[in-house]
>>> print(open('input13.tsv').read())   # TSV, C-alpha atoms and all ligand atoms
chain	number	residue	atom	x	y	z
A	121	MET	CA	-22.93	182.94	-143.79
A	122	PRO	CA	-25.73	185.51	-143.40
A	123	SER	CA	-27.23	186.50	-146.69
A	124	SER	CA	-30.34	188.45	-147.45
A	125	SER	CA	-33.05	189.19	-149.92
A	126	SER	CA	-34.97	192.42	-149.71
A	127	SER	CA	-37.39	191.60	-146.90
A	128	THR	CA	-35.84	188.68	-145.05
A	129	ARG	CA	-32.40	187.50	-144.04
A	130	PHE	CA	-30.88	184.17	-143.08
A	131	VAL	CA	-29.24	183.86	-139.71
A	132	GLY	CA	-27.37	180.87	-138.33
A	133	ALA	CA	-27.43	179.56	-134.76
A	134	GLN	CA	-25.71	176.71	-133.02
A	135	LEU	CA	-26.89	174.67	-130.03
A	136	ARG	CA	-25.42	171.86	-128.05
A	137	LEU	CA	-27.70	168.82	-127.82
A	138	TYR	CA	-28.04	166.47	-124.86
A	139	PRO	CA	-29.33	163.23	-126.36
A	140	ASN	CA	-30.12	160.28	-124.10
A	141	ARG	CA	-28.29	156.99	-124.64
A	142	TRP	CA	-30.71	155.74	-127.28
A	143	GLN	CA	-30.78	159.04	-129.16
A	144	ALA	CA	-26.98	159.32	-129.16
A	145	ASP	CA	-26.80	155.74	-130.49
A	146	TYR	CA	-29.25	156.64	-133.20
A	147	PHE	CA	-27.24	159.69	-134.25
A	148	GLN	CA	-24.09	157.60	-134.25
A	149	ARG	CA	-25.78	154.96	-136.41
A	150	CYS	CA	-26.79	157.70	-138.85
A	151	VAL	CA	-23.22	158.97	-139.11
A	152	ASP	CA	-21.93	155.40	-139.50
A	153	ALA	CA	-24.49	154.79	-142.23
A	154	GLN	CA	-23.40	157.97	-143.98
A	155	ARG	CA	-19.78	156.86	-143.83
A	156	ALA	CA	-20.65	153.38	-145.15
A	157	LEU	CA	-22.71	154.94	-147.92
A	158	TRP	CA	-19.87	157.30	-148.78
A	159	ASN	CA	-17.37	154.45	-149.03
A	160	ASP	CA	-19.68	152.18	-151.03
A	161	MET	CA	-20.59	155.00	-153.38
A	162	LEU	CA	-16.95	155.96	-153.86
A	163	LYS	CA	-16.08	152.39	-154.76
A	164	ALA	CA	-18.99	152.12	-157.20
A	165	SER	CA	-18.08	155.44	-158.79
A	166	ARG	CA	-14.48	154.34	-159.28
A	167	ASN	CA	-15.56	151.06	-160.82
A	168	HIS	CA	-17.82	153.01	-163.13
A	169	GLN	CA	-14.87	155.20	-164.04
A	170	ARG	CA	-12.76	152.17	-164.92
A	171	ARG	CA	-15.46	150.86	-167.23
A	172	THR	CA	-16.63	154.07	-168.85
A	173	GLY	CA	-13.88	156.63	-168.18
A	174	LYS	CA	-16.27	158.77	-166.15
A	175	TYR	CA	-17.19	159.07	-162.48
A	176	PHE	CA	-20.83	159.14	-161.42
A	177	ASP	CA	-22.62	162.38	-162.15
A	178	ARG	CA	-25.13	163.84	-159.68
A	179	ARG	CA	-28.06	161.92	-161.05
A	180	GLN	CA	-26.19	158.63	-160.88
A	181	LEU	CA	-25.08	159.39	-157.33
A	182	GLU	CA	-28.68	159.91	-156.31
A	183	GLN	CA	-29.76	156.72	-158.03
A	184	PHE	CA	-27.05	154.91	-156.12
A	185	VAL	CA	-28.42	156.22	-152.81
A	186	LYS	CA	-31.89	155.04	-153.71
A	187	ALA	CA	-30.70	151.52	-154.50
A	188	TRP	CA	-28.37	151.43	-151.47
A	189	LYS	CA	-31.20	152.43	-149.16
A	190	ALA	CA	-33.39	149.63	-150.39
A	191	GLU	CA	-30.81	146.90	-149.92
A	192	THR	CA	-28.98	148.03	-146.75
A	193	PRO	CA	-30.38	146.79	-143.43
A	194	GLY	CA	-31.38	149.67	-141.17
A	195	ALA	CA	-31.00	152.33	-143.86
A	196	LEU	CA	-34.71	152.93	-144.04
A	197	GLU	CA	-34.89	154.17	-140.46
A	198	MET	CA	-32.39	156.93	-141.28
A	199	PRO	CA	-33.70	160.34	-142.38
A	200	ALA	CA	-33.69	160.24	-146.19
A	201	THR	CA	-32.39	163.83	-146.37
A	202	ALA	CA	-29.28	162.79	-144.44
A	203	LEU	CA	-28.51	160.04	-146.96
A	204	TYR	CA	-29.21	162.09	-150.07
A	205	ARG	CA	-27.01	164.76	-148.60
A	206	VAL	CA	-24.08	162.35	-148.89
A	207	ALA	CA	-24.68	162.18	-152.64
A	208	GLY	CA	-24.66	165.97	-152.83
A	209	ASP	CA	-21.49	166.19	-150.73
A	210	MET	CA	-19.72	163.61	-152.85
A	211	GLY	CA	-20.70	165.37	-156.06
A	212	GLN	CA	-19.25	168.56	-154.60
A	213	ALA	CA	-16.13	166.81	-153.31
A	214	PHE	CA	-15.46	165.28	-156.71
A	215	SER	CA	-15.86	168.49	-158.63
A	216	ASN	CA	-13.45	170.22	-156.19
A	217	TRP	CA	-11.01	167.36	-156.55
A	218	LYS	CA	-11.19	167.40	-160.35
A	219	ARG	CA	-10.82	171.17	-160.48
A	220	LYS	CA	-7.71	170.97	-158.30
A	221	ARG	CA	-6.22	168.36	-160.62
A	222	ARG	CA	-7.04	170.48	-163.67
A	223	GLU	CA	-5.33	173.45	-162.07
A	224	GLY	CA	-2.27	171.28	-161.57
A	225	HIS	CA	-2.41	170.98	-157.77
A	226	ARG	CA	-1.43	167.75	-156.19
A	227	ALA	CA	-4.94	166.61	-155.39
A	228	GLY	CA	-3.84	163.51	-153.50
A	229	HIS	CA	-6.12	160.58	-152.85
A	230	TYR	CA	-9.83	160.45	-153.56
A	231	PRO	CA	-12.03	162.50	-151.23
A	232	ARG	CA	-12.18	160.48	-148.04
A	233	PHE	CA	-15.10	160.61	-145.68
A	234	ARG	CA	-12.95	160.90	-142.57
A	235	SER	CA	-10.82	163.72	-143.86
A	236	ARG	CA	-13.11	166.63	-144.31
A	237	TYR	CA	-16.55	165.70	-145.44
A	238	GLY	CA	-17.30	163.67	-142.36
A	239	ARG	CA	-16.95	166.84	-140.35
A	240	GLN	CA	-18.93	169.01	-142.68
A	241	THR	CA	-21.78	166.72	-143.32
A	242	GLY	CA	-24.37	165.77	-140.74
A	243	ILE	CA	-27.88	164.59	-140.19
A	244	TYR	CA	-30.03	167.10	-142.00
A	245	GLN	CA	-33.55	167.84	-140.90
A	246	LEU	CA	-36.08	170.03	-142.64
A	247	ASN	CA	-38.00	172.79	-140.94
A	248	ARG	CA	-41.18	170.77	-140.59
A	249	GLU	CA	-39.24	168.05	-138.79
A	250	ILE	CA	-37.89	170.35	-136.09
A	251	ARG	CA	-39.90	171.70	-133.17
A	252	LEU	CA	-37.94	174.06	-131.03
A	253	GLN	CA	-38.96	175.12	-127.54
A	254	PRO	CA	-37.02	176.81	-124.76
A	255	GLY	CA	-34.54	174.20	-123.54
A	256	ARG	CA	-35.86	171.32	-125.63
A	257	VAL	CA	-36.15	170.36	-129.26
A	258	ARG	CA	-38.05	167.65	-131.07
A	259	MET	CA	-36.63	166.10	-134.22
A	260	LEU	CA	-37.62	163.45	-136.68
A	261	LYS	CA	-37.16	159.86	-135.45
A	262	VAL	CA	-35.52	160.80	-132.13
A	263	GLY	CA	-38.20	162.79	-130.31
A	264	TRP	CA	-37.53	165.40	-127.68
A	265	MET	CA	-34.13	166.20	-126.22
A	266	ARG	CA	-32.55	168.97	-124.16
A	267	TRP	CA	-30.40	171.71	-125.66
A	268	ARG	CA	-28.30	174.62	-124.42
A	269	GLY	CA	-26.74	177.54	-126.23
A	270	GLY	CA	-27.72	181.14	-125.64
A	271	ASP	CA	-30.39	183.23	-127.34
A	272	LEU	CA	-31.92	182.08	-130.59
A	273	PRO	CA	-32.77	184.40	-133.47
A	274	VAL	CA	-36.39	185.47	-133.82
A	275	GLY	CA	-37.73	183.93	-136.99
A	276	LYS	CA	-38.62	180.73	-138.73
A	277	VAL	CA	-36.35	177.67	-138.66
A	278	MET	CA	-35.52	176.71	-142.26
A	279	SER	CA	-33.30	173.69	-141.67
A	280	GLY	CA	-31.12	172.00	-139.09
A	281	ARG	CA	-28.03	169.84	-139.12
A	282	VAL	CA	-26.98	167.51	-136.33
A	283	TRP	CA	-23.25	166.88	-136.20
A	284	LEU	CA	-20.58	165.58	-133.90
A	285	ASP	CA	-17.90	168.08	-132.99
A	286	ALA	CA	-14.22	167.27	-132.46
A	287	GLY	CA	-14.81	166.95	-128.73
A	288	GLY	CA	-17.48	164.29	-129.17
A	289	ARG	CA	-20.41	166.64	-128.51
A	290	TRP	CA	-23.59	166.53	-130.55
A	291	MET	CA	-24.41	169.93	-131.99
A	292	LEU	CA	-27.37	171.33	-133.89
A	293	SER	CA	-26.76	174.07	-136.44
A	294	LEU	CA	-29.90	175.92	-137.46
A	295	VAL	CA	-30.66	178.29	-140.27
A	296	TYR	CA	-33.36	180.84	-139.54
A	297	GLU	CA	-35.26	183.06	-141.85
A	298	CYS	CA	-35.74	186.37	-140.05
A	299	ALA	CA	-37.43	189.63	-140.86
A	300	MET	CA	-35.18	192.57	-141.60
A	301	PRO	CA	-34.78	194.80	-138.59
A	302	ARG	CA	-36.86	197.95	-138.78
A	303	PRO	CA	-34.21	200.61	-139.43
A	304	ALA	CA	-34.02	203.17	-136.65
A	305	PRO	CA	-33.09	206.73	-137.58
A	306	ALA	CA	-29.32	207.25	-137.51
A	307	THR	CA	-28.05	209.50	-134.76
A	308	VAL	CA	-24.61	210.03	-136.32
A	309	PRO	CA	-24.56	210.97	-140.02
A	310	LYS	CA	-21.24	209.40	-140.90
A	311	VAL	CA	-18.39	207.40	-139.37
A	312	GLY	CA	-14.91	206.71	-140.75
A	313	ILE	CA	-13.38	203.48	-139.47
A	314	ALA	CA	-9.72	202.49	-139.76
A	315	LEU	CA	-9.03	198.86	-139.01
A	316	GLY	CA	-5.71	197.72	-137.66
A	317	GLY	CA	-2.81	199.69	-136.27
A	318	SER	CA	-2.75	200.10	-132.52
A	319	ALA	CA	-6.39	199.01	-132.00
A	320	LEU	CA	-8.74	196.65	-133.76
A	321	ALA	CA	-10.73	199.64	-135.01
A	322	THR	CA	-10.44	203.41	-134.75
A	323	LEU	CA	-13.64	205.37	-135.33
A	324	HIS	CA	-14.04	209.02	-136.27
A	325	ASP	CA	-17.43	210.72	-136.47
A	326	GLY	CA	-16.21	214.14	-137.57
A	327	ALA	CA	-15.60	215.35	-134.04
A	328	ALA	CA	-14.29	212.64	-131.75
A	329	PHE	CA	-12.38	209.38	-131.88
A	330	ALA	CA	-13.34	206.08	-130.35
A	331	THR	CA	-11.43	202.83	-130.43
A	332	VAL	CA	-12.32	199.17	-130.25
A	333	ALA	CA	-9.59	197.14	-128.59
A	334	ALA	CA	-8.67	193.76	-130.06
A	335	ALA	CA	-9.89	190.71	-128.18
A	336	GLU	CA	-6.81	189.49	-126.39
A	337	THR	CA	-6.25	185.80	-126.00
A	338	SER	CA	-6.12	185.10	-122.29
A	339	ASP	CA	-2.83	184.02	-120.70
A	340	ARG	CA	-4.55	180.84	-119.63
A	341	THR	CA	-5.50	179.94	-123.20
A	342	LEU	CA	-2.03	180.82	-124.46
A	343	ARG	CA	-0.49	178.65	-121.77
A	344	ARG	CA	-2.77	175.76	-122.65
A	345	LEU	CA	-1.97	176.10	-126.36
A	346	ARG	CA	1.76	176.15	-125.66
A	347	ARG	CA	1.44	173.15	-123.42
A	348	LEU	CA	-0.44	171.19	-126.08
A	349	ASP	CA	2.16	172.15	-128.68
A	350	ARG	CA	4.88	170.92	-126.36
A	351	LEU	CA	3.08	167.64	-125.68
A	352	MET	CA	2.40	167.14	-129.37
A	353	GLY	CA	6.08	167.65	-130.12
A	354	ARG	CA	6.99	164.95	-127.65
A	355	THR	CA	4.69	162.28	-129.01
A	356	GLU	CA	6.34	159.47	-130.91
A	357	THR	CA	6.30	159.05	-134.65
A	358	ARG	CA	6.93	155.65	-136.12
A	359	CYS	CA	8.55	154.67	-139.41
A	360	GLY	CA	5.86	153.03	-141.52
A	361	THR	CA	8.44	150.73	-143.06
A	362	CYS	CA	10.73	149.50	-140.29
A	363	GLY	CA	8.99	150.71	-137.14
A	364	HIS	CA	11.87	152.95	-136.00
A	365	ARG	CA	10.59	155.52	-133.50
A	366	MET	CA	11.51	159.12	-132.81
A	367	GLU	CA	9.95	162.14	-131.17
A	368	ARG	CA	7.67	164.16	-133.39
A	369	ARG	CA	9.66	167.38	-132.90
A	370	GLU	CA	12.83	165.61	-134.00
A	371	TRP	CA	11.01	164.32	-137.07
A	372	GLN	CA	9.75	167.85	-137.77
A	373	ARG	CA	13.21	169.34	-137.31
A	374	LEU	CA	14.68	166.97	-139.89
A	375	GLY	CA	11.96	168.04	-142.32
A	376	GLU	CA	12.71	171.70	-141.70
A	377	GLN	CA	16.40	171.08	-142.32
A	378	GLY	CA	15.47	169.71	-145.73
A	379	LYS	CA	16.51	166.15	-144.89
A	380	ARG	CA	14.81	163.53	-147.01
A	381	ASN	CA	15.49	160.48	-144.91
A	382	ALA	CA	15.20	159.58	-141.25
A	383	PRO	CA	18.12	158.00	-139.33
A	384	CYS	CA	16.70	154.57	-140.17
A	385	GLY	CA	17.29	155.32	-143.84
A	386	HIS	CA	13.63	155.48	-144.85
A	387	PRO	CA	12.07	158.66	-146.27
A	388	LEU	CA	10.52	161.05	-143.70
A	389	PRO	CA	7.01	161.04	-145.23
A	390	VAL	CA	6.52	157.34	-144.40
A	391	TYR	CA	6.54	158.19	-140.69
A	392	VAL	CA	3.15	158.05	-139.00
A	393	GLU	CA	1.96	160.04	-136.01
A	394	SER	CA	0.70	158.33	-132.90
A	395	LYS	CA	-2.90	158.11	-131.69
A	396	ARG	CA	-1.90	160.31	-128.78
A	397	TYR	CA	-0.78	162.99	-131.21
A	398	HIS	CA	-4.18	162.96	-132.92
A	399	ARG	CA	-5.98	163.18	-129.58
A	400	LEU	CA	-3.88	166.18	-128.57
A	401	LYS	CA	-4.44	167.78	-131.95
A	402	GLU	CA	-8.20	167.47	-131.50
A	403	ARG	CA	-7.96	169.08	-128.09
A	404	ARG	CA	-6.00	171.91	-129.63
A	405	ALA	CA	-8.61	172.32	-132.38
A	406	ILE	CA	-11.38	172.56	-129.79
A	407	LEU	CA	-9.49	175.19	-127.84
A	408	TRP	CA	-8.89	177.20	-130.99
A	409	ARG	CA	-12.50	176.98	-132.05
A	410	LYS	CA	-13.63	178.38	-128.72
A	411	GLU	CA	-11.12	181.16	-129.09
A	412	ARG	CA	-12.32	181.98	-132.61
A	413	LEU	CA	-15.94	182.08	-131.43
A	414	ARG	CA	-14.95	184.36	-128.58
A	415	ARG	CA	-13.22	186.76	-130.99
A	416	ARG	CA	-16.13	186.73	-133.38
A	417	ASP	CA	-18.47	187.49	-130.52
A	418	HIS	CA	-16.26	190.41	-129.53
A	419	VAL	CA	-16.54	191.77	-133.09
A	420	HIS	CA	-20.34	191.32	-133.06
A	421	LYS	CA	-20.57	193.36	-129.89
A	422	ALA	CA	-18.55	196.15	-131.53
A	423	THR	CA	-20.15	196.25	-135.00
A	424	THR	CA	-23.85	196.12	-134.08
A	425	PRO	CA	-23.90	199.43	-132.13
A	426	ILE	CA	-21.96	201.17	-134.91
A	427	VAL	CA	-24.44	200.14	-137.58
A	428	LYS	CA	-27.36	201.08	-135.36
A	429	VAL	CA	-26.24	204.69	-134.91
A	430	ALA	CA	-24.35	205.58	-138.10
A	431	GLY	CA	-26.12	206.61	-141.30
A	432	GLU	CA	-23.04	206.08	-143.45
A	433	ILE	CA	-19.99	203.97	-142.74
A	434	VAL	CA	-16.70	204.24	-144.58
A	435	ALA	CA	-14.18	201.62	-143.54
A	436	GLY	CA	-10.69	200.61	-144.61
A	437	ARG	CA	-7.66	198.83	-143.30
A	438	VAL	CA	-4.37	200.35	-142.26
A	439	ALA	CA	-2.04	199.48	-145.15
A	440	ALA	CA	1.22	200.10	-143.35
A	441	ASP	CA	0.25	197.59	-140.74
A	442	GLY	CA	3.08	195.12	-140.97
A	443	ARG	CA	1.54	192.50	-138.72
A	444	ALA	CA	0.34	189.25	-140.13
A	445	VAL	CA	-3.39	189.43	-140.77
A	446	ALA	CA	-4.21	187.23	-137.83
A	447	ASP	CA	-6.42	189.91	-136.33
A	448	SER	CA	-10.17	190.25	-136.70
A	449	SER	CA	-10.25	193.17	-139.13
A	450	GLY	CA	-11.52	191.04	-142.02
A	451	GLU	CA	-14.34	189.72	-139.86
A	452	PHE	CA	-15.04	193.26	-138.71
A	453	LEU	CA	-15.47	194.47	-142.30
A	454	ARG	CA	-17.59	191.47	-143.22
A	455	GLN	CA	-19.96	192.08	-140.34
A	456	LEU	CA	-20.16	195.83	-141.02
A	457	GLY	CA	-21.03	195.06	-144.64
A	458	TYR	CA	-23.93	192.72	-144.09
A	459	LYS	CA	-25.27	194.47	-140.99
A	460	ALA	CA	-25.27	197.78	-142.88
A	461	ALA	CA	-27.48	196.10	-145.50
A	462	TRP	CA	-29.81	194.79	-142.79
A	463	HIS	CA	-30.16	198.20	-141.21
A	464	GLN	CA	-30.30	200.04	-144.55
A	465	ARG	CA	-27.14	202.00	-143.91
A	466	GLN	CA	-24.76	203.12	-146.58
A	467	PHE	CA	-21.53	201.19	-146.40
A	468	VAL	CA	-18.35	201.96	-148.31
A	469	GLY	CA	-15.41	199.61	-147.99
A	470	VAL	CA	-12.14	201.14	-149.15
A	471	THR	CA	-9.41	198.77	-150.31
A	472	ARG	CA	-6.02	199.24	-148.71
A	473	ASP	CA	-5.03	202.63	-150.03
A	474	GLU	CA	-1.50	203.84	-149.38
A	475	GLU	CA	-2.21	207.26	-150.81
A	476	LEU	CA	-5.17	207.86	-148.56
A	477	GLU	CA	-3.12	206.71	-145.64
A	478	ALA	CA	-0.20	209.00	-146.49
A	479	GLN	CA	-2.40	212.05	-146.79
A	480	CYS	CA	-2.31	214.46	-143.85
A	481	ALA	CA	-5.73	214.70	-142.27
A	482	LYS	CA	-5.01	218.29	-141.26
A	483	CYS	CA	-3.45	220.02	-144.28
A	484	GLY	CA	-4.17	217.49	-147.03
A	485	GLU	CA	-0.55	217.18	-148.10
A	486	THR	CA	1.02	213.83	-148.78
A	487	ALA	CA	3.54	212.97	-146.14
A	488	GLU	CA	5.64	209.97	-145.41
A	489	ASN	CA	5.09	207.79	-142.46
A	490	ASP	CA	8.06	208.97	-140.44
A	491	GLU	CA	7.79	206.95	-137.31
A	492	GLU	CA	7.12	203.38	-136.50
A	493	SER	CA	4.43	204.13	-134.00
A	494	GLY	CA	2.69	207.11	-135.50
A	495	TRP	CA	2.20	209.46	-138.36
A	496	ARG	CA	3.86	212.81	-138.88
A	497	CYS	CA	3.22	215.42	-141.57
A	498	ARG	CA	6.37	216.98	-143.04
A	499	GLN	CA	4.37	219.94	-144.27
A	500	CYS	CA	2.53	221.12	-141.18
A	501	GLY	CA	4.06	218.99	-138.42
A	502	HIS	CA	0.72	217.38	-137.53
A	503	THR	CA	1.21	214.13	-135.66
A	504	ALA	CA	-1.33	211.41	-135.04
A	505	ALA	CA	-1.59	207.68	-134.75
A	506	THR	CA	-1.62	206.13	-138.25
A	507	SER	CA	-5.07	204.71	-137.63
A	508	GLU	CA	-6.48	208.04	-136.42
A	509	ASN	CA	-5.13	209.87	-139.44
A	510	LEU	CA	-6.67	207.25	-141.72
A	511	ALA	CA	-10.01	207.30	-139.86
A	512	VAL	CA	-10.29	211.05	-140.52
A	513	ASN	CA	-9.41	210.58	-144.20
A	514	LEU	CA	-11.98	207.84	-144.49
A	515	TYR	CA	-14.54	210.08	-142.87
A	516	HIS	CA	-13.95	212.62	-145.65
A	517	TYR	CA	-13.67	209.99	-148.38
A	518	GLU	CA	-16.08	210.52	-151.26
A	519	GLY	CA	-15.09	207.81	-153.72
A	520	GLU	CA	-16.56	204.49	-154.64
A	521	GLY	CA	-15.95	201.54	-152.40
A	522	ALA	CA	-14.88	198.01	-153.13
A	523	ASP	CA	-17.02	195.04	-152.31
A	524	ALA	CA	-16.35	194.38	-148.63
A	525	THR	CA	-15.94	190.67	-149.20
A	526	GLY	CA	-13.33	191.23	-151.90
A	527	MET	CA	-11.11	193.41	-149.76
A	528	ASP	CA	-7.88	192.30	-148.21
A	601	ZN	ZN	12.55	153.04	-141.21
A	602	ZN	ZN	-0.15	218.27	-142.69
>>> encode(input="input13.tsv", output="structure tokens", more="lines below")
Ligand SMILES: [Zn+2]
Ligand SMILES: [Zn+2]
Amino acid sequence: MPSSSSSTRFVGAQLRLYPNRWQADYFQRCVDAQRALWNDMLKASRNHQRRTGKYFDRRQLEQFVKAWKAETPGALEMPATALYRVAGDMGQAFSNWKRKRREGHRAGHYPRFRSRYGRQTGIYQLNREIRLQPGRVRMLKVGWMRWRGGDLPVGKVMSGRVWLDAGGRWMLSLVYECAMPRPAPATVPKVGIALGGSALATLHDGAAFATVAAAETSDRTLRRLRRLDRLMGRTETRCGTCGHRMERREWQRLGEQGKRNAPCGHPLPVYVESKRYHRLKERRAILWRKERLRRRDHVHKATTPIVKVAGEIVAGRVAADGRAVADSSGEFLRQLGYKAAWHQRQFVGVTRDEELEAQCAKCGETAENDEESGWRCRQCGHTAATSENLAVNLYHYEGEGADATGMD
């Protein structure tokens, strides 16, 4: 999400809000109004399509909001930006939906508020409507309320978005405009970084190696995830036609076996999951989100010091790494890329390069990767970890890089 122009950069921050009863009710009414608006607008747009062959365009969506606001009780007390945002979101949702259909995907039903957009949208507030102080924030129409959530960036608040997370907590996402950090002189001229292999990252500065370990998921979290999976498997699914019930895992197993029909004779897709299943799924999503944030934080703590000391950074991923790309190496590269720009460091991202990886860091010959665990040169007998060998090669790499965001 961070982007930058030459003198400033945009930084996101997220806080948890503690609204009082009235404020929480107000937020809830705003979200309800957005949902009602979404549904009304969708209906109107479809009617329009039946008559004219075309859905509402952006201008018509905005006109609809204006008229809706005037005739809907209570709509006027909602922040106008929050309502107009729904028009913008629907315009976006429709163009995505139409593009998918053009590309021949099964686009399914019309964009529904509940599905995705309800989560992404929120009550938008402009910078002049937000006053932020340590521990409390004032917003349009709701006044002051408490917040918690770590250190905030130093800069100017550009906009804020109040939204309800999957666990029923009110959150405030802020976008800050911040000054570029004053670049400190680099203390290490160049660093080669290999991502993946035995560690999350292996660094070489021409003399020594350093590694960044991957953020391990705690046993406790793994246990909780497994438990939720188990519980979800045991919830009941119900046939939408005849009401026949079976455990979700049984239903899933039939699907995996390629069966088309359930024992009751009706097709498997008509089965519906229980409320309990959806509750458990939300709990799982919350747990995963925390875990993702924790991993991202781990990567932040590793990338910032590198960018602060290194004048030039050359990074690439271990190609022979057979693991699924569930690690944080993509995030690591992304952060290195934009932080390097902030700190005015030279950054070269090297796309997965088998040749570079196969080259012996000692004698320069091309050698095969002999062992599972490491790297061995057939020419000179040099052995190293695959990631260490690559880190040295990256350190000496002189070519052009790929765009860090386009790398896989
Ligand atoms: Zn049935
Ligand atoms: Zn060699």
>>> residues_near_ligand(input="input13.tsv", ligand="ligand ZN 602 (chain A)", cutoff="8 Å", atoms="only C-alpha atoms and all ligand atoms", output="PyMOL selection string")
chain A and resi 479-487+496-502
>>> write_last_selection(input="input13.tsv", atoms="C-alpha atoms", output="CSV table (one decimal), keeping the file's coordinate frame")
chain,number,residue,atom,x,y,z
A,479,GLN,CA,-2.4,212.0,-146.8
A,480,CYS,CA,-2.3,214.5,-143.8
A,481,ALA,CA,-5.7,214.7,-142.3
A,482,LYS,CA,-5.0,218.3,-141.3
A,483,CYS,CA,-3.4,220.0,-144.3
A,484,GLY,CA,-4.2,217.5,-147.0
A,485,GLU,CA,-0.6,217.2,-148.1
A,486,THR,CA,1.0,213.8,-148.8
A,487,ALA,CA,3.5,213.0,-146.1
A,496,ARG,CA,3.9,212.8,-138.9
A,497,CYS,CA,3.2,215.4,-141.6
A,498,ARG,CA,6.4,217.0,-143.0
A,499,GLN,CA,4.4,219.9,-144.3
A,500,CYS,CA,2.5,221.1,-141.2
A,501,GLY,CA,4.1,219.0,-138.4
A,502,HIS,CA,0.7,217.4,-137.5
>>> closest_atom_pairs(input="input13.tsv", of="chain A", to="ligand ZN 601 (chain A)", cutoff="9 Å", atoms="all atoms listed in the file", output="Markdown table")
| residue | atom | partner | partner_atom | distance |
| --- | --- | --- | --- | --- |
| A:Arg358 | CA | A:ZN601 | ZN | 8.0 |
| A:Cys359 | CA | A:ZN601 | ZN | 4.7 |
| A:Gly360 | CA | A:ZN601 | ZN | 6.7 |
| A:Thr361 | CA | A:ZN601 | ZN | 5.1 |
| A:Cys362 | CA | A:ZN601 | ZN | 4.1 |
| A:Gly363 | CA | A:ZN601 | ZN | 5.9 |
| A:His364 | CA | A:ZN601 | ZN | 5.3 |
| A:Arg365 | CA | A:ZN601 | ZN | 8.3 |
| A:Asn381 | CA | A:ZN601 | ZN | 8.8 |
| A:Ala382 | CA | A:ZN601 | ZN | 7.1 |
| A:Pro383 | CA | A:ZN601 | ZN | 7.7 |
| A:Cys384 | CA | A:ZN601 | ZN | 4.5 |
| A:Gly385 | CA | A:ZN601 | ZN | 5.9 |
| A:His386 | CA | A:ZN601 | ZN | 4.5 |
| A:Pro387 | CA | A:ZN601 | ZN | 7.6 |
| A:Leu388 | CA | A:ZN601 | ZN | 8.6 |
| A:Val390 | CA | A:ZN601 | ZN | 8.1 |
| A:Tyr391 | CA | A:ZN601 | ZN | 7.9 |
>>> closest_residue(input="input13.tsv", among="A:Gly519, A:Gly173, A:Gly312, A:Pro139", to="A:Gly263", atoms="all atoms listed in the file")
A:Pro139
>>> residues_around(input="input13.tsv", residues="A:Trp188", least_positions_apart="5", cutoff="9 Å", atoms="all atoms listed in the file", output="PyMOL selection string")
chain A and resi 157+160-161+183+195
>>> closest_residue(input="input13.tsv", among="A:Ile243, A:Leu284, A:Leu181, A:Leu315", to="A:Arg136", atoms="all atoms listed in the file")
A:Leu284
>>> residues_around(input="input13.tsv", residues="stretch 404-409 of chain A", least_positions_apart="3", cutoff="10 Å", atoms="all atoms listed in the file", output="JSON, numbers by chain")
{"A": [285, 286, 287, 341, 342, 344, 345, 346, 347, 348, 349, 352, 398, 399, 400, 401, 412, 413, 414, 415]}
>>> atom_distance(input="input13.tsv", atom1="atom CA of A:His324", atom2="atom CA of A:Thr424")
16.4 Å
>>> closest_residue(input="input13.tsv", among="A:Lys310, A:Arg205, A:Arg340, A:Arg354", to="A:Trp371", atoms="all atoms listed in the file")
A:Arg354
>>> residues_near_point(input="input13.tsv", point="(-26.5, 200.5, -131.6)", cutoff="12 Å", atoms="all atoms listed in the file", output="MDAnalysis selection string")
chainID A and resid 303:308 420:431 459:460 463
>>> write_last_selection(input="input13.tsv", atoms="C-alpha atoms", output="PDB file, keeping the file's coordinate frame")
ATOM      1  CA  PRO A 303     -34.210 200.610-139.430  1.00  0.00           C
ATOM      2  CA  ALA A 304     -34.020 203.170-136.650  1.00  0.00           C
ATOM      3  CA  PRO A 305     -33.090 206.730-137.580  1.00  0.00           C
ATOM      4  CA  ALA A 306     -29.320 207.250-137.510  1.00  0.00           C
ATOM      5  CA  THR A 307     -28.050 209.500-134.760  1.00  0.00           C
ATOM      6  CA  VAL A 308     -24.610 210.030-136.320  1.00  0.00           C
ATOM      7  CA  HIS A 420     -20.340 191.320-133.060  1.00  0.00           C
ATOM      8  CA  LYS A 421     -20.570 193.360-129.890  1.00  0.00           C
ATOM      9  CA  ALA A 422     -18.550 196.150-131.530  1.00  0.00           C
ATOM     10  CA  THR A 423     -20.150 196.250-135.000  1.00  0.00           C
ATOM     11  CA  THR A 424     -23.850 196.120-134.080  1.00  0.00           C
ATOM     12  CA  PRO A 425     -23.900 199.430-132.130  1.00  0.00           C
ATOM     13  CA  ILE A 426     -21.960 201.170-134.910  1.00  0.00           C
ATOM     14  CA  VAL A 427     -24.440 200.140-137.580  1.00  0.00           C
ATOM     15  CA  LYS A 428     -27.360 201.080-135.360  1.00  0.00           C
ATOM     16  CA  VAL A 429     -26.240 204.690-134.910  1.00  0.00           C
ATOM     17  CA  ALA A 430     -24.350 205.580-138.100  1.00  0.00           C
ATOM     18  CA  GLY A 431     -26.120 206.610-141.300  1.00  0.00           C
ATOM     19  CA  LYS A 459     -25.270 194.470-140.990  1.00  0.00           C
ATOM     20  CA  ALA A 460     -25.270 197.780-142.880  1.00  0.00           C
ATOM     21  CA  HIS A 463     -30.160 198.200-141.210  1.00  0.00           C
TER      22      HIS A 463
END
>>> atom_distance(input="input13.tsv", atom1="atom CA of A:Ile433", atom2="atom CA of A:Gly132")
24.6 Å
